[in-house]
Amino acid sequence: MANRSKIEWTETTWNPVTGCSKISTGCAHCYAERMSKRLKAMGQPNYINGFQVTTHIDMLNRPMKWKKPQIVFVNSMSDLFHEDVPFPFIENVFQVMQQASHHIFQVLTKRSERLADIASKLPWPENVWMGVTVENQDNTYRMEALRKIPAAVRFVSFEPLLGPINDPDFTSIDWAIVGGESGPGARVMKPEWVLKILEKCREYDVPFFFKQWGGQNRKKNGRLLQGNTYDEMPGEIKQHTAQLAKSA
C-alpha cells in the first residue's frame, strides 16, 4: 500500500533515502528533521539513524508494487541529490521510476549543482518531474540549473517563501508551487511576495499552486489567496491520466 500524503500537490510519498543536512536558510525549521526524530523515538526501523543520510535498498522497488497509478513525491524526508547519496543509488532510483511508468514521480532538490553535474548520466522518462526549491532571491540560481535538465516537467517550489523574488524568470519552467512556513518558529510570508510570483506565472503561462500561508496554525491560516484557491497543475498530468484511462 502506498503512503498517502497530506502534501496538497502530491498523492503519495516514497522515501528510498532518509536524512539530510542544512544548506540554506529554508532549512532552518526543517519538518523532515523534526519528523525523523519522532519516528526514531517511536522505533521506526528506517529512522534508526535519525536524520543522518541513510539509503534504504529495501524501499527501492516499492513503487513497482503499487498497481494504482499515483503521483509520487520522491524523498519527502531527504534530498535525493545530497552529496552523501552515492551516484549508483540515485541511478537505481531513476531506473525504478523509469520502469514504474504508470506513476508520476516528483523529485525536488536544493542541491542544483549536483543535479546539473550528473543529470546527463541519468534516464529522464516522461513520468519524472524535476524541481528545485527557491526560498528567496539568493537561491534563484537553482532555477538556472533546472532549465538545463532534460525533464518532461520542470517545477519550482517557493516553499517556504522567505523573501521577495525579484522579477522571477519562468522560461522553460512548467509549474510553480508557493507556500509559507509552518510549525514551530514559522517565519512570515508577505502577500506581495506571493502575488508577484502569481503575476509572473500568468505572464509566462505557468500553472500556479498555492499550498498554504503557513504560520503556527497552518489549518487556521488556510490556502486562500485573495479569496481564491489555486490548485493548478501542469497539463501533462491530464494527458498522462487520459492515457492511463485508455489503456485500462
# chains A, B, ... in the order shown; residues from 1 in each chain; ligands from 1
$ residues_around --residues "A:Pro168" --least-positions-apart "6" --cutoff "10 Å" --atoms "only C-alpha atoms" --output "ChimeraX atom specification"
/A:137,140,143,196-197,199-201
$ write_last_selection --atoms "N, CA and C atoms" --output "CSV table (one decimal), in the first residue's frame"
chain,number,residue,atom,x,y,z
A,137,GLN,N,15.6,35.3,-2.9
A,137,GLN,CA,16.3,35.8,-4.1
A,137,GLN,C,17.7,35.1,-4.2
A,140,THR,N,17.8,31.9,-6.4
A,140,THR,CA,17.2,31.8,-7.7
A,140,THR,C,18.2,31.1,-8.7
A,143,MET,N,17.2,27.8,-10.3
A,143,MET,CA,16.3,27.8,-11.4
A,143,MET,C,17.1,27.8,-12.7
A,196,LYS,N,3.4,38.6,-6.5
A,196,LYS,CA,4.4,38.8,-7.6
A,196,LYS,C,4.7,37.6,-8.4
A,197,ILE,N,4.8,36.5,-7.7
A,197,ILE,CA,5.1,35.2,-8.4
A,197,ILE,C,3.8,34.8,-9.2
A,199,GLU,N,1.7,36.8,-10.6
A,199,GLU,CA,1.7,37.7,-11.7
A,199,GLU,C,2.7,37.2,-12.8
A,200,LYS,N,3.8,36.8,-12.4
A,200,LYS,CA,4.8,36.3,-13.4
A,200,LYS,C,4.4,34.9,-14.0
A,201,CYS,N,3.7,34.1,-13.2
A,201,CYS,CA,3.2,32.9,-13.7
A,201,CYS,C,2.2,33.1,-14.8
$ select_by_dssp --residues "stretch 42-114 of chain A" --states "helix (DSSP H, G or I)" --output "ChimeraX atom specification"
/A:45-47,57-59,62-65,87-99,112-114
$ write_last_selection --atoms "C-alpha atoms" --output "short mmCIF file (atom, residue, chain, number, x, y, z; two decimals), in the first residue's frame"
data_model
loop_
_atom_site.label_atom_id
_atom_site.label_comp_id
_atom_site.auth_asym_id
_atom_site.auth_seq_id
_atom_site.Cartn_x
_atom_site.Cartn_y
_atom_site.Cartn_z
CA PRO A 45 13.47 0.90 11.70
CA ASN A 46 14.15 3.21 8.72
CA TYR A 47 14.87 6.06 11.13
CA ILE A 57 17.70 -0.70 -0.59
CA ASP A 58 14.57 -2.46 0.63
CA MET A 59 12.50 0.58 -0.37
CA ARG A 62 8.18 -0.23 -3.52
CA PRO A 63 6.52 1.76 -6.36
CA MET A 64 6.53 -1.33 -8.57
CA LYS A 65 4.09 -2.95 -6.13
CA PHE A 87 25.51 8.01 -7.53
CA PRO A 88 24.76 4.29 -8.16
CA PHE A 89 21.87 4.55 -5.69
CA ILE A 90 20.50 7.67 -7.42
CA GLU A 91 20.80 5.78 -10.70
CA ASN A 92 18.82 2.88 -9.22
CA VAL A 93 16.06 5.25 -8.10
CA PHE A 94 15.79 6.67 -11.62
CA GLN A 95 15.72 3.18 -13.12
CA VAL A 96 12.79 2.27 -10.86
CA MET A 97 10.95 5.47 -11.85
CA GLN A 98 11.55 4.61 -15.49
CA GLN A 99 10.17 1.09 -15.02
CA SER A 112 21.04 22.05 -8.01
CA GLU A 113 24.81 21.91 -8.53
CA ARG A 114 24.95 18.15 -8.11
#
$ residues_around --residues "A:Arg223" --least-positions-apart "4" --cutoff "12 Å" --atoms "only C-alpha atoms" --output "PyMOL selection string"
chain A and resi 8+178-180+194+209-215+217-219+227-231
$ residues_around --residues "A:Val72" --least-positions-apart "4" --cutoff "9 Å" --atoms "only C-alpha atoms" --output "PyMOL selection string"
chain A and resi 10-14+63+103-107
$ write_last_selection --atoms "N, CA and C atoms" --output "PDB file, in the first residue's frame"
ATOM      1  N   THR A  10       0.691  16.553  -4.085  1.00  0.00           N
ATOM      2  CA  THR A  10       1.056  15.184  -4.456  1.00  0.00           C
ATOM      3  C   THR A  10       0.030  14.231  -3.877  1.00  0.00           C
ATOM      4  N   GLU A  11       0.229  12.919  -4.097  1.00  0.00           N
ATOM      5  CA  GLU A  11      -0.692  11.921  -3.553  1.00  0.00           C
ATOM      6  C   GLU A  11      -0.005  10.966  -2.591  1.00  0.00           C
ATOM      7  N   THR A  12       1.239  10.645  -2.903  1.00  0.00           N
ATOM      8  CA  THR A  12       1.945   9.578  -2.202  1.00  0.00           C
ATOM      9  C   THR A  12       3.403   9.968  -2.002  1.00  0.00           C
ATOM     10  N   THR A  13       4.014   9.481  -0.943  1.00  0.00           N
ATOM     11  CA  THR A  13       5.453   9.702  -0.743  1.00  0.00           C
ATOM     12  C   THR A  13       6.196   8.369  -0.808  1.00  0.00           C
ATOM     13  N   TRP A  14       7.412   8.459  -1.283  1.00  0.00           N
ATOM     14  CA  TRP A  14       8.301   7.293  -1.391  1.00  0.00           C
ATOM     15  C   TRP A  14       9.679   7.746  -0.925  1.00  0.00           C
ATOM     16  N   PRO A  63       7.511   1.269  -5.385  1.00  0.00           N
ATOM     17  CA  PRO A  63       6.517   1.764  -6.359  1.00  0.00           C
ATOM     18  C   PRO A  63       6.073   0.718  -7.370  1.00  0.00           C
ATOM     19  N   HIS A 103       3.195   5.550 -12.862  1.00  0.00           N
ATOM     20  CA  HIS A 103       3.191   6.616 -11.861  1.00  0.00           C
ATOM     21  C   HIS A 103       3.823   7.882 -12.418  1.00  0.00           C
ATOM     22  N   ILE A 104       3.510   9.014 -11.786  1.00  0.00           N
ATOM     23  CA  ILE A 104       4.245  10.261 -11.999  1.00  0.00           C
ATOM     24  C   ILE A 104       5.106  10.494 -10.767  1.00  0.00           C
ATOM     25  N   PHE A 105       6.388  10.740 -10.960  1.00  0.00           N
ATOM     26  CA  PHE A 105       7.315  10.952  -9.852  1.00  0.00           C
ATOM     27  C   PHE A 105       7.758  12.411  -9.808  1.00  0.00           C
ATOM     28  N   GLN A 106       7.660  13.014  -8.645  1.00  0.00           N
ATOM     29  CA  GLN A 106       8.072  14.400  -8.432  1.00  0.00           C
ATOM     30  C   GLN A 106       9.333  14.405  -7.557  1.00  0.00           C
ATOM     31  N   VAL A 107      10.441  14.861  -8.126  1.00  0.00           N
ATOM     32  CA  VAL A 107      11.714  14.909  -7.416  1.00  0.00           C
ATOM     33  C   VAL A 107      12.046  16.376  -7.142  1.00  0.00           C
TER      34      VAL A 107
END
$ closest_residue --among "A:Ala28, A:Ala151, A:Leu195, A:Leu146" --to "A:Asn166" --atoms "only C-alpha atoms"
A:Leu195
$ atom_distance --atom1 "atom CA of A:Pro150" --atom2 "atom CA of A:Ser76"
22.1 Å
$ select_by_dssp --residues "chain A" --states "strand (DSSP E)" --output "PyMOL selection string"
chain A and resi 3-4+12-14+17-18+54-55+71-74+104-109+128-133+153-158+175-179+208-212
$ atom_distance --atom1 "atom CA of A:Pro164" --atom2 "atom CA of A:Val132"
16.9 Å
$ closest_residue --among "A:Met189, A:Leu225, A:Val53, A:Cys30" --to "A:Ile165" --atoms "only C-alpha atoms"
A:Met189
$ atom_distance --atom1 "atom CA of A:Leu39" --atom2 "atom CA of A:Asn221"
27.0 Å
$ closest_residue --among "A:Phe51, A:Trp9, A:Tyr31, A:Tyr141" --to "A:Gly183" --atoms "only C-alpha atoms"
A:Tyr31
$ closest_residue --among "A:Lys220, A:Arg4, A:Lys110, A:Lys68" --to "A:Cys27" --atoms "only C-alpha atoms"
A:Lys110
